[in-house]
$ cat entry.txt   # compact mmCIF, C-alpha atoms
# COMPACT_ATOMS: atom_id res chain seq x y z
CA MET K 1053 0.00 0.00 0.00
CA ASP K 1054 1.60 3.22 -1.12
CA ASN K 1055 1.04 6.43 0.82
CA THR K 1056 -0.09 4.66 3.98
CA SER K 1057 0.12 5.87 7.55
CA ILE K 1058 0.70 3.69 10.58
CA ILE K 1059 -1.23 3.96 13.82
CA GLU K 1060 0.05 1.92 16.76
CA VAL K 1061 -2.12 1.22 19.77
CA GLU K 1062 -1.50 -0.52 23.04
CA VAL K 1063 -4.27 -2.48 24.73
CA THR K 1064 -4.48 -4.72 27.76
CA LYS K 1065 -4.81 -8.45 27.19
CA GLU K 1066 -6.95 -8.70 30.33
CA ASP K 1067 -10.56 -9.82 29.86
CA GLY K 1068 -9.97 -10.42 26.14
CA GLN K 1069 -9.65 -6.71 25.38
CA LEU K 1070 -6.79 -7.20 22.89
CA THR K 1071 -8.76 -9.82 21.00
CA PHE K 1072 -11.90 -7.67 21.08
CA ALA K 1073 -10.10 -4.57 19.75
CA ASN K 1074 -8.40 -6.64 17.04
CA ASN K 1075 -11.73 -8.15 15.93
CA VAL K 1076 -13.55 -4.80 15.93
CA LEU K 1077 -10.88 -3.17 13.80
CA LYS K 1078 -10.75 -6.10 11.38
CA ALA K 1079 -14.56 -6.05 11.08
CA TYR K 1080 -14.28 -2.71 9.29
CA GLU K 1081 -12.99 -4.52 6.23
CA GLY K 1082 -10.97 -2.33 3.91
CA PHE K 1083 -10.44 0.46 6.45
CA ALA K 1084 -7.11 -0.77 7.83
CA THR K 1085 -4.69 -3.65 7.77
CA VAL K 1086 -4.42 -4.78 11.38
CA THR K 1087 -1.44 -6.70 12.75
CA VAL K 1088 -0.70 -7.82 16.30
CA VAL K 1089 2.95 -6.81 16.69
CA GLY K 1090 3.67 -7.63 20.30
CA THR K 1091 2.20 -9.03 23.47
CA GLU K 1092 4.68 -8.24 26.22
CA GLY K 1093 3.45 -8.75 29.76
CA GLU K 1094 -0.13 -7.66 30.25
CA MET K 1095 -0.24 -5.36 27.21
CA GLY K 1096 -0.50 -6.03 23.50
CA LYS K 1097 0.28 -3.80 20.54
CA LEU K 1098 -1.65 -3.47 17.31
CA LYS K 1099 -0.29 -1.85 14.15
CA LEU K 1100 -2.85 -0.38 11.78
CA ARG K 1101 -1.91 0.57 8.23
CA VAL K 1102 -4.35 3.11 6.85
CA THR K 1103 -4.74 5.15 3.69
CA PRO K 1104 -5.32 8.91 3.70
CA GLY K 1105 -8.97 8.26 2.85
CA THR K 1106 -9.62 5.86 5.73
CA LYS K 1107 -7.38 7.41 8.39
CA PRO K 1108 -10.01 9.82 9.84
CA GLU K 1109 -12.58 7.03 10.24
CA VAL K 1110 -10.05 4.61 11.74
CA LEU K 1111 -8.94 7.26 14.25
CA LYS K 1112 -12.58 7.84 15.15
CA ILE K 1113 -13.06 4.10 15.79
CA VAL K 1114 -9.84 3.86 17.82
CA ARG K 1115 -10.77 6.92 19.92
CA ASP K 1116 -14.16 5.35 20.60
CA LEU K 1117 -12.41 2.16 21.72
CA GLU K 1118 -10.17 4.26 24.01
CA GLU K 1119 -13.29 5.27 25.93
CA LYS K 1120 -14.49 1.67 26.29
CA LEU K 1121 -11.28 -0.33 26.76
CA ASP K 1122 -7.88 -0.02 28.38
CA LEU K 1123 -6.45 1.11 25.04
CA LYS K 1124 -4.30 4.05 24.01
CA ILE K 1125 -2.72 5.37 20.83
CA ILE K 1126 1.05 5.22 21.21
CA LYS K 1127 2.15 6.41 17.77
CA ILE K 1128 0.73 7.96 14.62
CA GLU K 1129 3.10 8.01 11.63
CA GLU K 1130 2.39 10.09 8.58
$ encode --input "entry.txt" --output "C-alpha cells"
Amino acid sequence: MDNTSIIEVEVTKEDGQLTFANNVLKAYEGFATVTVVGTEGEMGKLKLRVTPGTKPEVLKIVRDLEEKLDLKIIKIEE
C-alpha cells in the first residue's frame, strides 16, 4: 500500500480486550490492515496501516475504543 500511515495502539490483554479490539478493527474490512505486533506482559500492541482516505474514520473508531477499553494510541506516523 503506497502512501499509507501507521497507527500503533496498546491495549491490555486482560478480559480479552486485545482480541476484542483486534476483531472490531478487522470487522471494518478495507479500512485498515491490522497486525498484532507484540504481546509483552499484560499489554499487546496493534499496528494499523491506513490510507489517507480511511485514516479519519479509523482514528474515530480507535478513539471510541479508548473510551471503552484499556487502550491508548502510542504512535501515529504520517
$ atom_distance --input "entry.txt" --atom1 "atom CA of Phe1083 of chain K" --atom2 "atom CA of Thr1106 of chain K"
5.5 Å
$ closest_residue --input "entry.txt" --among "K:Ile1059, K:Ile1126, K:Ile1113, K:Val1086" --to "Thr1071 of chain K" --atoms "only C-alpha atoms"
K:Val1086
$ residues_around --input "entry.txt" --residues "Ala1084 of chain K" --least-positions-apart "5" --cutoff "6 Å" --atoms "only C-alpha atoms" --output "list in words"
Leu1100, Arg1101 and Val1102 of chain K
$ residues_near_point --input "entry.txt" --point "(4.0, -7.3, 22.6)" --cutoff "12 Å" --atoms "all atoms listed in the file" --output "PyMOL selection string"
chain K and resi 1060-1065+1070+1087-1099
$ closest_residue --input "entry.txt" --among "K:Asn1075, K:Thr1085, K:Gln1069, K:Thr1103" --to "Asn1055 of chain K" --atoms "only C-alpha atoms"
K:Thr1103
$ atom_distance --input "entry.txt" --atom1 "atom CA of Glu1066 of chain K" --atom2 "atom CA of Lys1107 of chain K"
27.2 Å
$ closest_residue --input "entry.txt" --among "K:Ile1128, K:Val1076, K:Ser1057, K:Asp1067" --to "Asp1116 of chain K" --atoms "only C-alpha atoms"
K:Val1076
$ axis_aligned_box --input "entry.txt" --around "segment 1097-1106 of chain K" --padding-each-side "8 Å" --output "lines of an AutoDock Vina configuration file"
center_x = -4.7
center_y = 2.6
center_z = 11.7
size_x = 25.9
size_y = 28.7
size_z = 33.7
$ atom_distance --input "entry.txt" --atom1 "atom CA of Leu1117 of chain K" --atom2 "atom CA of Ala1073 of chain K"
7.4 Å
$ closest_residue --input "entry.txt" --among "K:Ala1079, K:Lys1124, K:Glu1119, K:Leu1111" --to "Ile1058 of chain K" --atoms "only C-alpha atoms"
K:Leu1111
